[in-house]
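One file, entry-v3.cif, is given below (mmCIF, C-alpha atoms and all ligand atoms).
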```
data_query
loop_
_atom_site.label_atom_id
_atom_site.label_comp_id
_atom_site.auth_asym_id
_atom_site.auth_seq_id
_atom_site.Cartn_x
_atom_site.Cartn_y
_atom_site.Cartn_z
CA MET A 1 153.74 175.08 19.05
CA VAL A 2 155.36 178.51 19.39
CA GLU A 3 158.98 179.36 18.65
CA LEU A 4 160.46 182.84 18.68
CA HIS A 5 163.94 183.35 17.27
CA GLN A 6 165.43 186.75 18.16
CA VAL A 7 162.01 188.33 17.88
CA ALA A 8 161.94 192.05 18.70
CA LYS A 9 159.38 194.83 18.39
CA THR A 10 160.06 198.53 17.96
CA TYR A 11 157.27 201.10 17.65
CA PRO A 12 158.03 204.08 15.41
CA GLY A 13 157.98 207.61 16.81
CA THR A 14 160.38 210.14 18.28
CA PRO A 15 162.00 208.55 20.07
CA VAL A 16 161.25 205.02 18.85
CA VAL A 17 160.15 202.61 21.59
CA GLN A 18 161.82 199.23 21.78
CA ALA A 19 158.89 197.49 23.46
CA LEU A 20 160.36 193.99 23.10
CA LYS A 21 164.07 193.18 23.04
CA PRO A 22 165.24 190.22 20.94
CA VAL A 23 163.87 187.07 22.57
CA ASN A 24 164.22 183.34 21.95
CA LEU A 25 161.30 181.37 23.26
CA ARG A 26 159.79 177.95 22.79
CA ILE A 27 156.33 176.99 24.06
CA GLU A 28 155.30 173.36 23.63
CA ALA A 29 151.84 172.28 22.52
CA GLY A 30 149.64 171.76 25.56
CA ASP A 31 151.73 173.95 27.85
CA HIS A 32 150.25 176.51 30.25
CA VAL A 33 152.53 179.52 30.50
CA ALA A 34 152.08 182.71 32.52
CA ILE A 35 153.80 185.93 31.44
CA VAL A 36 154.29 188.30 34.35
CA GLY A 37 155.57 191.86 34.39
CA PRO A 38 154.74 195.40 35.46
CA SER A 39 152.69 197.85 33.42
CA GLY A 40 154.55 199.02 30.32
CA SER A 41 156.99 196.10 30.34
CA GLY A 42 155.89 194.74 26.95
CA LYS A 43 153.33 192.07 27.87
CA SER A 44 150.63 193.14 25.42
CA THR A 45 153.25 193.69 22.73
CA LEU A 46 154.38 190.07 23.16
CA LEU A 47 150.80 188.80 23.20
CA ASN A 48 149.92 190.75 20.05
CA LEU A 49 152.91 189.20 18.29
CA LEU A 50 152.06 185.69 19.49
CA GLY A 51 148.45 186.22 18.40
CA LEU A 52 149.41 187.48 14.92
CA LEU A 53 147.73 190.79 15.66
CA ASP A 54 151.04 192.49 14.98
CA ARG A 55 154.29 191.71 13.17
CA PRO A 56 157.77 191.53 14.70
CA SER A 57 160.24 194.24 13.64
CA GLU A 58 163.00 191.62 13.72
CA GLY A 59 163.37 187.89 14.05
CA HIS A 60 161.31 184.86 13.16
CA TYR A 61 158.14 183.45 14.62
CA LEU A 62 157.37 179.81 13.92
CA LEU A 63 153.81 178.78 14.70
CA ALA A 64 153.29 175.02 14.51
CA GLY A 65 156.47 174.88 12.45
CA ARG A 66 155.51 177.53 9.92
CA ASP A 67 157.31 180.87 9.70
CA VAL A 68 154.52 183.39 10.15
CA SER A 69 156.69 186.50 10.69
CA ALA A 70 156.36 187.87 7.19
CA LEU A 71 152.94 186.69 6.06
CA SER A 72 150.39 189.05 4.54
CA GLU A 73 147.60 190.48 6.68
CA ARG A 74 145.17 188.18 4.94
CA ASP A 75 147.17 185.01 5.66
CA ARG A 76 147.69 186.03 9.27
CA THR A 77 143.95 186.62 9.68
CA ALA A 78 143.22 183.16 8.30
CA ILE A 79 145.73 181.47 10.63
CA ARG A 80 144.47 183.48 13.58
CA GLY A 81 140.90 182.39 12.90
CA ARG A 82 141.89 178.75 12.65
CA ARG A 83 144.43 178.43 15.44
CA ILE A 84 144.13 181.17 18.03
CA GLY A 85 141.52 182.24 20.57
CA PHE A 86 141.72 185.46 22.61
CA VAL A 87 140.41 186.41 26.03
CA PHE A 88 140.84 190.03 27.14
CA GLN A 89 140.40 191.80 30.45
CA GLN A 90 137.61 194.00 29.07
CA PHE A 91 135.69 191.04 27.53
CA HIS A 92 135.22 192.92 24.21
CA LEU A 93 131.67 191.69 23.61
CA LEU A 94 129.30 193.47 21.23
CA SER A 95 126.63 194.99 23.46
CA HIS A 96 123.74 194.77 20.99
CA ARG A 97 124.30 191.09 20.23
CA THR A 98 123.20 188.18 22.37
CA ALA A 99 125.68 185.85 24.02
CA ALA A 100 125.11 183.25 21.30
CA GLU A 101 125.52 185.84 18.52
CA ASN A 102 128.76 187.12 20.06
CA VAL A 103 130.16 183.60 20.09
CA ALA A 104 128.88 182.71 16.62
CA LEU A 105 130.49 185.86 15.16
CA ALA A 106 133.90 184.33 15.84
CA LEU A 107 133.10 181.82 13.08
CA LEU A 108 131.88 184.38 10.55
CA TYR A 109 134.88 184.13 8.20
CA THR A 110 135.38 180.38 8.43
CA GLY A 111 133.02 179.38 5.65
CA ILE A 112 130.84 177.46 8.13
CA PRO A 113 127.13 177.94 7.29
CA ALA A 114 125.15 180.23 9.64
CA ARG A 115 123.00 177.44 11.05
CA HIS A 116 126.10 175.48 12.08
CA ARG A 117 127.74 178.59 13.51
CA ILE A 118 124.78 179.11 15.83
CA ALA A 119 124.76 175.43 16.83
CA ALA A 120 128.49 175.57 17.60
CA ALA A 121 127.96 178.75 19.64
CA HIS A 122 125.27 177.05 21.71
CA GLN A 123 127.62 174.13 22.36
CA ALA A 124 130.47 176.42 23.38
CA LEU A 125 128.18 178.33 25.76
CA GLU A 126 127.02 175.06 27.23
CA ARG A 127 130.62 174.14 27.84
CA VAL A 128 131.16 177.30 29.93
CA GLY A 129 127.94 176.71 31.87
CA LEU A 130 125.81 179.35 30.13
CA SER A 131 123.26 177.30 28.22
CA HIS A 132 120.52 179.11 30.16
CA ARG A 133 121.80 182.54 28.96
CA LEU A 134 122.11 181.98 25.20
CA HIS A 135 119.90 184.92 24.28
CA ALA A 136 121.00 187.34 26.98
CA LEU A 137 122.57 190.66 26.05
CA PRO A 138 126.00 191.26 27.64
CA THR A 139 124.65 194.22 29.66
CA THR A 140 122.34 191.83 31.49
CA LEU A 141 125.20 189.47 32.41
CA SER A 142 127.56 189.67 35.38
CA GLY A 143 131.29 190.22 34.85
CA GLY A 144 132.00 186.53 35.42
CA GLU A 145 129.31 185.53 32.94
CA ARG A 146 130.62 187.99 30.35
CA GLN A 147 134.09 186.52 30.63
CA ARG A 148 132.63 183.03 30.22
CA VAL A 149 130.94 184.22 27.01
CA ALA A 150 134.34 185.53 25.91
CA ILE A 151 135.89 182.13 26.69
CA ALA A 152 133.14 180.42 24.68
CA ARG A 153 133.96 182.78 21.81
CA ALA A 154 137.66 181.90 22.14
CA LEU A 155 137.04 178.15 22.10
CA VAL A 156 134.26 177.88 19.50
CA GLY A 157 136.73 177.67 16.61
CA ALA A 158 138.62 174.80 18.32
CA PRO A 159 141.90 176.77 18.53
CA ASP A 160 145.32 175.26 19.26
CA ILE A 161 146.27 178.25 21.39
CA VAL A 162 144.29 180.51 23.71
CA LEU A 163 145.95 183.83 24.56
CA CYS A 164 144.66 185.70 27.60
CA ASP A 165 145.50 189.29 28.56
CA GLU A 166 144.63 189.78 32.26
CA PRO A 167 141.60 187.48 31.97
CA THR A 168 140.66 187.94 35.63
CA GLY A 169 141.56 191.62 35.91
CA ASN A 170 137.94 192.78 36.14
CA LEU A 171 136.60 189.91 38.26
CA ASP A 172 136.15 189.27 41.95
CA SER A 173 138.06 186.31 43.35
CA HIS A 174 135.14 183.88 43.11
CA ASN A 175 134.57 184.60 39.42
CA ALA A 176 138.31 184.73 38.79
CA HIS A 177 138.63 181.16 40.09
CA ALA A 178 135.73 179.98 37.94
CA VAL A 179 137.31 181.56 34.84
CA LEU A 180 140.73 180.04 35.59
CA ASP A 181 139.12 176.63 36.15
CA LEU A 182 137.52 176.89 32.71
CA LEU A 183 140.77 177.93 31.04
CA GLU A 184 142.56 175.05 32.76
CA ASN A 185 139.91 172.62 31.53
CA LEU A 186 140.66 173.75 27.99
CA ASN A 187 144.35 173.26 28.70
CA SER A 188 143.68 169.73 30.00
CA ASP A 189 142.03 169.03 26.65
CA GLY A 190 145.29 169.95 24.93
CA VAL A 191 144.89 173.65 24.20
CA THR A 192 148.12 175.62 24.67
CA LEU A 193 147.31 178.32 27.22
CA ILE A 194 149.27 181.57 27.51
CA VAL A 195 148.14 183.98 30.22
CA ILE A 196 149.40 187.49 30.82
CA THR A 197 148.85 188.60 34.37
CA HIS A 198 150.26 190.74 37.12
CA ASP A 199 148.43 188.62 39.71
CA PRO A 200 150.85 186.16 41.38
CA GLY A 201 147.92 183.88 42.28
CA VAL A 202 146.98 183.55 38.61
CA ALA A 203 150.61 183.07 37.53
CA GLU A 204 151.19 180.30 40.08
CA ARG A 205 148.56 178.14 38.44
CA ALA A 206 150.62 177.95 35.23
CA HIS A 207 153.12 175.16 34.53
CA ARG A 208 155.76 177.74 33.79
CA GLN A 209 156.25 181.44 34.43
CA LEU A 210 158.09 183.95 32.26
CA GLN A 211 159.03 187.38 33.56
CA ILE A 212 159.14 190.43 31.36
CA LEU A 213 160.88 193.59 32.43
CA ASP A 214 161.63 196.58 30.18
CA GLY A 215 160.94 194.42 27.14
CA ALA A 216 163.35 191.64 28.18
CA VAL A 217 161.88 188.16 28.71
CA SER A 218 163.45 185.78 31.22
CA PRO A 219 164.25 183.02 31.51
CA ALA A 220 164.89 183.13 27.77
CA ASP A 221 165.55 179.87 26.02
CA VAL A 222 169.15 179.33 25.03
CA PRO A 223 169.53 179.86 21.28
CA GLU A 224 171.63 176.66 20.96
CA ALA A 225 168.64 174.65 22.11
CA ARG A 226 166.47 175.77 19.23
CA PRO A 227 165.28 173.04 16.98
CA THR A 228 164.82 173.61 13.31
CA ALA A 229 161.37 174.02 11.85
CA GLY A 230 161.60 170.56 10.33
CA THR A 231 161.57 168.82 13.69
CA LEU A 232 158.10 170.07 14.53
CA ALA A 233 155.02 168.02 13.88
P1 LIG A 301 152.22 196.14 29.01
O1 LIG A 301 151.17 195.37 28.30
O2 LIG A 301 153.21 195.27 29.74
O3 LIG A 301 151.64 197.18 29.90
P2 LIG A 301 152.84 197.18 26.36
O4 LIG A 301 153.30 196.02 25.58
O5 LIG A 301 151.46 197.66 26.16
O6 LIG A 301 153.11 196.90 27.92
O7 LIG A 301 153.84 198.42 26.10
C1 LIG A 301 155.25 198.29 26.14
C2 LIG A 301 155.88 199.63 25.76
O8 LIG A 301 155.58 199.93 24.41
C3 LIG A 301 155.36 200.80 26.58
O9 LIG A 301 156.42 201.68 26.76
C4 LIG A 301 154.28 201.38 25.68
O10 LIG A 301 154.14 202.76 25.94
C5 LIG A 301 154.86 201.15 24.31
N1 LIG A 301 153.82 200.96 23.29
C6 LIG A 301 152.83 200.02 23.28
N2 LIG A 301 152.08 200.10 22.17
C7 LIG A 301 152.60 201.14 21.44
C8 LIG A 301 152.27 201.72 20.18
N3 LIG A 301 151.28 201.26 19.41
N4 LIG A 301 153.03 202.77 19.76
C9 LIG A 301 154.05 203.24 20.50
N5 LIG A 301 154.43 202.73 21.69
C10 LIG A 301 153.70 201.68 22.17
MG MG A 302 149.09 195.41 28.52
#
```
Show me, as structure tokens, the structure contained in the file I just sent.
Ligand code: ADP
Ligand code: MG
Amino acid sequence: MVELHQVAKTYPGTPVVQALKPVNLRIEAGDHVAIVGPSGSGKSTLLNLLGLLDRPSEGHYLLAGRDVSALSERDRTAIRGRRIGFVFQQFHLLSHRTAAENVALALLYTGIPARHRIAAAHQALERVGLSHRLHALPTTLSGGERQRVAIARALVGAPDIVLCDEPTGNLDSHNAHAVLDLLENLNSDGVTLIVITHDPGVAERAHRQLQILDGAVSPADVPEARPTAGTLA
């Protein structure tokens, strides 16, 4: 699903910051990977690259076999909308929109008619156990419920990949478990799940853990093992 070939990220400035050192990485479709590292180690940088929110300074990123490293902003936005869902620590819900509206907004640029967007949002909220809170404003929801709305928003477009940046960082342990259970259900249905966390309990639930330290990812995949784009489905 995801292949990085010598992908690196440098932020401009004086001095420039090499936030991610060249990394080779392969994540299979349906995998559940945790990325663990201290603050400032490059976790969000890596997630932003994987999520097509930012472009690598070097290297090639193949997403489902397609080189997406040098695509235009417009193409990356289209691929992001079709393939990738995001869940952030701070939920990032619009406070003056209902739960259902927040979820439906994720489908705004898909060409799906409004009526169908709302129906899909209701279905997604049902899936995360919030069918009784469709019309609630985020301020009236608990932290756990807000994160479930955010998960509904991530899954409503039927993404191939869900990227999570500290998804349980603002939750108590009960709600954290409920959120992880939901994310793992998605993964069981075939969604590739990539979770950034500094919580060892969250990382342990993944099939595989990657460490990141000072922008270096380990264990890195050996470059010899890389397949060519043509071998991907
Ligand atoms: P983490 O998510 O692990 O805390 P980040 O990926 O956010 O780490 O940051 C990695 C490094 O890159 C840090 O040194 C950070 O200060 C720097 N950095 C992150 N974003 C930017 C940016 N937009 N411009 C300059 N430096 C940045
Ligand atoms: Mg971060």
### Message
List as a ChimeraX atom specification the protein and nucleic acid residues lying within 12 Å of ligand LIG 301 (chain A), with all atoms listed in the file counted.
### Response
/A:8-21,35-49,53-55,88-89,164-166,195-198,211-217
### Message
Taking 5 positions as the minimum chain separation for residues in the same chain, which residues sit within 12 Å of A:Leu141 when counting all atoms listed in the file? Answer as number ranges by chain.
### Response
A: 91, 93, 95, 98-99, 130, 132-136, 146-150
### Query
So how many Å separate atom CA of A:Ile161 and atom CA of A:Ile194, to one decimal?
7.6 Å
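Of the residues listed (A:Gly190, A:Gly59, A:Gly144, A:Pro167), A:Pro167 shows the shortest atom-to-atom separation from A:Phe86; distances use only C-alpha atoms.
Residues in contact range of stretch 109-112 of chain A, defined as at most 8 Å between all atoms listed in the file, with sequence neighbours fewer than 3 positions away removed, read Gly81, Arg82, Ala106, His116 and Arg117 of chain A.
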### Task
Measuring atom to atom with only C-alpha atoms and all ligand atoms, identify which of A:Val162, A:Leu94, A:Val33, A:Gly169 is nearest to ligand MG 302 (chain A).
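Nearest to ligand MG 302 (chain A): A:Gly169.
Comparing the minimum interatomic distances between ligand MG 302 (chain A) and each of A:Gln90, A:Gln6, A:Pro56, A:Ala29, counting only C-alpha atoms and all ligand atoms, we find that A:Gln90 sits nearest.
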### Query
What is the atom CA of A:Val103 to atom CA of A:Ile84 distance in Å?
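Computing the Euclidean distance for atom CA of A:Val103 and atom CA of A:Ile84 yields 14.3 Å.
Atom CA of A:Val7 is positioned 7.5 Å from atom CA of A:Ser57.
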### Query
Hey, which of A:Val128, A:Ala203, A:Leu137, A:Ala114 ends up closest to A:Leu155? Count only C-alpha atoms.
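Using only C-alpha atoms, A:Leu155 sits closest to A:Val128.
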### Message
Report as a ChimeraX atom specification all protein, DNA and RNA residues lying within 8 Å of A:Ile27, evaluated on only C-alpha atoms, omitting residues in the same chain fewer than 3 positions from it.
### Response
/A:1-3,31,33
Output for the residues just chosen: C-alpha atoms as a PDB file, in the coordinates of the input:
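The resulting file, again_24.pdb, is shown below:
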```pdb
ATOM      1  CA  MET A   1     153.740 175.080  19.050  1.00  0.00           C
ATOM      2  CA  VAL A   2     155.360 178.510  19.390  1.00  0.00           C
ATOM      3  CA  GLU A   3     158.980 179.360  18.650  1.00  0.00           C
ATOM      4  CA  ASP A  31     151.730 173.950  27.850  1.00  0.00           C
ATOM      5  CA  VAL A  33     152.530 179.520  30.500  1.00  0.00           C
TER       6      VAL A  33
END
```
